[in-house]
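Visitor: Before anything else, here's the structure in question.
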Amino acid sequence: ESEFRNFESGALFDRVFNTYKLMHTYQTLDFVKQKHLEWANCNHFSMTMMESIDSLDELVDESDPDVDFPNSFHAFQTAEGIRKEHPEKDWFQLVGLIHDIGKIMALHGEPQWAVVGDTFPVGCKFQNSIVKNTLYSILPDVAVLACFSHCSTEFGIYEPQCGLDNVLMSWEYLYRVMKFNKCTIPEEGLYMIRFHSFYPWHSNGDYMHLCNEKDLQMLPWVKEFNKFDLYTKSTELPDVERLRPYYQSLIEKYCPGILHW
């Protein structure tokens, strides 16, 4: 397990480094606001949930230091890990399957640095646990992050304990799609979808000064999900065709039909 999320070395280091460098240069408060305007109305295309999963066959996450295969396999690996340990929670299994589908934005004109990788709040101070502290330690300074200087305080544009619902994250597209299409996944699952990549929060304890009581109640669920998101990654790829009918039944239960994206 200690070999996962190695941002210091490895065969994929250059690819990962460049992705995060672009992300932390351009994922500004203004950029995020613009993406909300462009994407939150879900008027770009229509497809079923399974079709969106299949489309991830075309995407390899350039921010991931652990794997170099299409994201669709990771979706089924995560779901099956959850199914084994939580057989009674079918909604949890479905979240494992769909949690990364927001990355399909990269197949519709957005650069990968805008849709993959660890997420973080914009509009307030960059915390020490964000990936850049490892990646950019080899640079003479962090001048690439100068665009954040107008938000150099702990709270920035936010109020203490305002709640993560009121915080602008670097991006959380799938959560917006779920809400827009009125999918019936429980709130715990929506938190997993929305914040599973928010590693500075769920794994390092940062940004607690922005959290309210609801966020703290949901945090254990996000932590539980993270175990499967991270530690089910393997070069042993699942038999997707064998698994497809079961997960199609979950899709029909919680987010059926053609969805707007």
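Chains: A, B, ... in order of the structure tokens. Residues: from 1 per chain. Ligands: from 1, in order shown.
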Please provide as a list in words all residues within 12 Å of Asp239 of chain A, with the sequence filter that same-chain residues fewer than 2 positions apart are discarded (counting only C-alpha atoms).

Guide: Ser72, Phe73, His74, Ala75, Phe76, Gln77, Glu80, Glu236, Leu237, Glu241, Arg242, Leu243, Arg244 and Pro245 of chain A

Visitor: Could you write out, as an NGL selection string, all the residues of segment 140-260 of chain A that DSSP marks as strand (DSSP E or B)?

Guide: :A and (169 or 258-260)

Visitor: Would you put the residues from that selection into a file with N, CA and C atoms, as an mmCIF file, in the first residue's frame?

Guide:
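Saved to again.cif:
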data_model
loop_
_atom_site.group_PDB
_atom_site.id
_atom_site.type_symbol
_atom_site.label_atom_id
_atom_site.label_comp_id
_atom_site.auth_asym_id
_atom_site.auth_seq_id
_atom_site.Cartn_x
_atom_site.Cartn_y
_atom_site.Cartn_z
ATOM 1 N N MET A 169 -14.717 24.153 -5.396
ATOM 2 C CA MET A 169 -13.610 23.217 -5.557
ATOM 3 C C MET A 169 -13.032 23.352 -6.962
ATOM 4 N N ILE A 258 -31.580 7.907 -20.160
ATOM 5 C CA ILE A 258 -30.627 8.812 -20.776
ATOM 6 C C ILE A 258 -30.441 10.032 -19.878
ATOM 7 N N LEU A 259 -29.215 10.326 -19.562
ATOM 8 C CA LEU A 259 -28.884 11.458 -18.678
ATOM 9 C C LEU A 259 -28.361 12.628 -19.496
ATOM 10 N N HIS A 260 -28.541 13.816 -18.958
ATOM 11 C CA HIS A 260 -28.015 15.034 -19.577
ATOM 12 C C HIS A 260 -26.673 15.368 -18.949
#

Visitor: Within 12 Å of Asn204 of chain A, counting only C-alpha atoms, which residues show up once you throw out same-chain ones fewer than 3 positions away? Write them as a compact mmCIF listing (two decimals) with all heavy atoms, in the first residue's frame, please.

Guide:
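Result file is part.txt:
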# COMPACT_ATOMS: atom_id res chain seq x y z
N GLN A 127 -3.13 24.76 0.88
CA GLN A 127 -2.65 24.08 2.08
C GLN A 127 -1.43 23.21 1.77
O GLN A 127 -1.20 22.79 0.63
CB GLN A 127 -3.76 23.24 2.70
CG GLN A 127 -4.94 24.06 3.20
CD GLN A 127 -4.58 24.95 4.38
OE1 GLN A 127 -3.98 24.49 5.36
NE2 GLN A 127 -4.94 26.22 4.29
N ASN A 128 -0.66 22.91 2.81
CA ASN A 128 0.62 22.23 2.63
C ASN A 128 0.50 20.81 2.08
O ASN A 128 1.45 20.29 1.48
CB ASN A 128 1.37 22.17 3.97
CG ASN A 128 1.87 23.54 4.39
OD1 ASN A 128 2.09 24.41 3.56
ND2 ASN A 128 2.05 23.73 5.69
N SER A 129 -0.66 20.18 2.29
CA SER A 129 -0.79 18.77 1.89
C SER A 129 -1.16 18.59 0.42
O SER A 129 -1.20 17.46 -0.06
CB SER A 129 -1.86 18.09 2.76
OG SER A 129 -3.10 18.75 2.61
N ILE A 130 -1.42 19.66 -0.29
CA ILE A 130 -1.75 19.54 -1.71
C ILE A 130 -0.53 18.99 -2.45
O ILE A 130 0.62 19.31 -2.13
CB ILE A 130 -2.21 20.90 -2.27
CG1 ILE A 130 -3.55 21.28 -1.63
CG2 ILE A 130 -2.35 20.87 -3.78
CD1 ILE A 130 -4.07 22.64 -2.06
N VAL A 131 -0.79 18.19 -3.46
CA VAL A 131 0.26 17.46 -4.17
C VAL A 131 1.44 18.34 -4.56
O VAL A 131 2.57 17.88 -4.58
CB VAL A 131 -0.33 16.77 -5.42
CG1 VAL A 131 0.76 16.31 -6.37
CG2 VAL A 131 -1.16 15.57 -5.00
N PHE A 198 -10.51 14.80 -2.90
CA PHE A 198 -10.11 15.91 -2.03
C PHE A 198 -9.19 15.36 -0.95
O PHE A 198 -9.49 15.37 0.23
CB PHE A 198 -11.37 16.55 -1.45
CG PHE A 198 -11.14 17.84 -0.69
CD1 PHE A 198 -9.93 18.52 -0.73
CD2 PHE A 198 -12.17 18.40 0.05
CE1 PHE A 198 -9.73 19.70 -0.03
CE2 PHE A 198 -12.00 19.58 0.76
CZ PHE A 198 -10.78 20.23 0.72
N TYR A 199 -8.01 14.86 -1.37
CA TYR A 199 -7.06 14.23 -0.46
C TYR A 199 -6.58 15.15 0.65
O TYR A 199 -6.36 14.68 1.78
CB TYR A 199 -5.88 13.66 -1.25
CG TYR A 199 -6.14 12.29 -1.82
CD1 TYR A 199 -6.80 12.13 -3.04
CD2 TYR A 199 -5.77 11.14 -1.13
CE1 TYR A 199 -7.06 10.87 -3.56
CE2 TYR A 199 -6.01 9.87 -1.64
CZ TYR A 199 -6.66 9.75 -2.85
OH TYR A 199 -6.92 8.49 -3.36
N PRO A 200 -6.36 16.44 0.40
CA PRO A 200 -5.92 17.29 1.50
C PRO A 200 -6.89 17.28 2.68
O PRO A 200 -6.47 17.48 3.82
CB PRO A 200 -5.85 18.68 0.85
CG PRO A 200 -5.61 18.40 -0.59
CD PRO A 200 -6.40 17.16 -0.88
N TRP A 201 -8.16 17.03 2.41
CA TRP A 201 -9.18 16.98 3.47
C TRP A 201 -9.30 15.60 4.09
O TRP A 201 -9.04 15.41 5.28
CB TRP A 201 -10.53 17.41 2.89
CG TRP A 201 -11.68 17.34 3.85
CD1 TRP A 201 -11.77 17.93 5.08
CD2 TRP A 201 -12.91 16.62 3.66
NE1 TRP A 201 -12.98 17.63 5.67
CE2 TRP A 201 -13.70 16.84 4.82
CE3 TRP A 201 -13.43 15.84 2.63
CZ2 TRP A 201 -14.98 16.28 4.97
CZ3 TRP A 201 -14.70 15.30 2.77
CH2 TRP A 201 -15.46 15.52 3.92
N TYR A 207 -8.18 21.94 5.78
CA TYR A 207 -9.43 22.65 5.45
C TYR A 207 -10.56 22.35 6.44
O TYR A 207 -11.73 22.62 6.14
CB TYR A 207 -9.88 22.31 4.02
CG TYR A 207 -8.93 22.80 2.97
CD1 TYR A 207 -8.03 21.92 2.36
CD2 TYR A 207 -8.89 24.15 2.60
CE1 TYR A 207 -7.13 22.37 1.39
CE2 TYR A 207 -8.00 24.61 1.64
CZ TYR A 207 -7.12 23.71 1.03
OH TYR A 207 -6.24 24.16 0.10
N MET A 208 -10.23 21.84 7.62
CA MET A 208 -11.26 21.61 8.62
C MET A 208 -11.90 22.92 9.08
O MET A 208 -13.04 22.93 9.55
CB MET A 208 -10.68 20.86 9.83
CG MET A 208 -10.31 19.42 9.54
SD MET A 208 -11.75 18.44 9.07
CE MET A 208 -10.99 16.84 8.76
N LEU A 219 -17.47 12.66 6.53
CA LEU A 219 -16.05 12.35 6.34
C LEU A 219 -15.74 10.86 6.48
O LEU A 219 -14.99 10.32 5.65
CB LEU A 219 -15.21 13.18 7.31
CG LEU A 219 -13.70 12.99 7.24
CD1 LEU A 219 -13.17 13.26 5.84
CD2 LEU A 219 -13.00 13.91 8.25
N LYS A 223 -13.77 8.54 3.67
CA LYS A 223 -12.58 7.77 4.01
C LYS A 223 -12.77 6.29 3.67
O LYS A 223 -11.85 5.64 3.16
CB LYS A 223 -12.27 7.92 5.50
CG LYS A 223 -11.67 9.26 5.90
CD LYS A 223 -11.46 9.31 7.40
CE LYS A 223 -10.71 10.55 7.85
NZ LYS A 223 -9.29 10.51 7.49

Visitor: Considering only C-alpha atoms, state which residue in the set A:Phe180, A:Glu159, A:Ala114, A:Asn166 is at the smallest distance from Gln34 of chain A.

Guide: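 Ranked by minimum distance to Gln34 of chain A, first place goes to A:Ala114.
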
Visitor: If I take atom CA of Ser197 of chain A and atom CA of Gly257 of chain A, how far is one from the other in Å, to one decimal?

Guide: 27.0 Å

Visitor: For the atom pair atom CA of Lys84 of chain A and atom CA of Ile193 of chain A, what is the interatomic distance in Å to one decimal place?

Guide: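 Going from atom CA of Lys84 of chain A over to atom CA of Ile193 of chain A covers 19.6 Å.
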
Visitor: Between A:Tyr247, A:Met192, A:Trp113, A:Arg176, which residue has the minimum interatomic distance to Asn43 of chain A, considering only C-alpha atoms?

Guide: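 Answer, going by the shortest atom-to-atom distance: A:Arg176.
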
Visitor: Considering only C-alpha atoms, can you say which of A:Arg83, A:Lys179, A:Lys33, A:Lys125 comes closest to Leu250 of chain A?

Guide: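 Of all the options, A:Arg83 lies closest to Leu250 of chain A.
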
Visitor: Would you give me, as a ChimeraX atom specification, the residues in segment 21-133 of chain A that DSSP reads as alpha helix (DSSP H)?

Guide: /A:21-26,29-39,49-55,71-85,90-98,132-133

Visitor: Write out as a ChimeraX atom specification which residues come within 9 Å of Ser152 of chain A when counting only C-alpha atoms, dropping same-chain ones fewer than 4 positions away.

Guide: /A:123-126,148,156

Visitor: Just N, CA and C atoms for this one: save the residues we selected as a compact mmCIF listing (two decimals), in the first residue's frame.

Guide:
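What ended up in out_4.txt:
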# COMPACT_ATOMS: atom_id res chain seq x y z
N GLY A 123 -9.97 30.03 -4.05
CA GLY A 123 -10.48 31.18 -3.33
C GLY A 123 -9.97 31.30 -1.92
N CYS A 124 -9.02 30.45 -1.54
CA CYS A 124 -8.39 30.56 -0.22
C CYS A 124 -6.98 29.98 -0.31
N LYS A 125 -6.26 30.02 0.78
CA LYS A 125 -4.86 29.64 0.80
C LYS A 125 -4.64 28.18 0.43
N PHE A 126 -3.65 27.94 -0.40
CA PHE A 126 -3.21 26.59 -0.74
C PHE A 126 -2.64 25.93 0.51
N PHE A 148 -2.53 32.59 -7.10
CA PHE A 148 -3.32 32.44 -5.89
C PHE A 148 -3.01 33.52 -4.84
N GLY A 156 -9.72 33.04 3.01
CA GLY A 156 -9.92 33.64 1.71
C GLY A 156 -11.29 34.28 1.58

Visitor: Record the distance separating atom CA of Val177 of chain A and atom CA of Phe45 of chain A, expressed in Å with one decimal.

Guide: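 It comes out at 11.5 Å.
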
Visitor: Quick one: residues within 12 Å of Leu210 of chain A, only C-alpha atoms counted, chain neighbours fewer than 3 positions away excluded, as a list in words?

Guide: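 Counting only C-alpha atoms, the residues come to Pro121, Gly123, Cys124, Lys125, Glu154, Phe155, Gly156, Ile157, Tyr158, Glu159, Pro160, Gln161, Cys162, Gly163, Leu164, Asp165, Asn166, Val167, Leu168, Trp201, Gly205, Asp206, Tyr207, Glu213, Lys214, Asp215 and Leu216 of chain A.
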
Visitor: Which neighbours of Trp91 of chain A fall inside 8 Å, counting only C-alpha atoms, when residues of the same chain fewer than 5 positions from it are skipped, and could you give them as a PDB file with N, CA and C atoms, in the first residue's frame?

Guide:
ATOM      1  N   ILE A 185     -29.064   8.371  -5.596  1.00  0.00           N
ATOM      2  CA  ILE A 185     -27.982   7.902  -4.730  1.00  0.00           C
ATOM      3  C   ILE A 185     -28.031   8.683  -3.412  1.00  0.00           C
ATOM      4  N   PRO A 186     -27.911   8.006  -2.265  1.00  0.00           N
ATOM      5  CA  PRO A 186     -27.967   8.702  -0.967  1.00  0.00           C
ATOM      6  C   PRO A 186     -26.897   9.784  -0.833  1.00  0.00           C
ATOM      7  N   GLY A 189     -23.318   8.812  -0.632  1.00  0.00           N
ATOM      8  CA  GLY A 189     -22.709   8.493  -1.922  1.00  0.00           C
ATOM      9  C   GLY A 189     -22.368   9.728  -2.720  1.00  0.00           C
ATOM     10  N   LEU A 250     -28.089  -1.892 -11.168  1.00  0.00           N
ATOM     11  CA  LEU A 250     -27.933  -0.810 -10.179  1.00  0.00           C
ATOM     12  C   LEU A 250     -28.150   0.553 -10.841  1.00  0.00           C
ATOM     13  N   TYR A 254     -30.874   3.529  -9.645  1.00  0.00           N
ATOM     14  CA  TYR A 254     -30.490   4.816  -9.069  1.00  0.00           C
ATOM     15  C   TYR A 254     -30.332   5.962 -10.085  1.00  0.00           C
TER      16      TYR A 254
END

Visitor: Compare A:Leu174, A:Gly81, A:Asp64, A:His44 by their minimum atom-to-atom distance to Asp14 of chain A, counting only C-alpha atoms, and give me the closest one.

Guide: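 Looking at the shortest contact to Asp14 of chain A, the residue is A:Asp64.
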
Visitor: With only C-alpha atoms as the atoms that count, which of A:Leu190, A:Trp171, A:Met218, A:Ile251 lies nearest to Lys35 of chain A?

Guide: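 Answer, going by the shortest atom-to-atom distance: A:Trp171.
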
Visitor: Name the closest residue to Glu224 of chain A among the candidates A:Tyr173, A:Lys253, A:Glu88, A:Thr78; distances are taken between atoms, counting only C-alpha atoms.

Guide: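 Counting only C-alpha atoms, the residue closest to Glu224 of chain A is A:Thr78.
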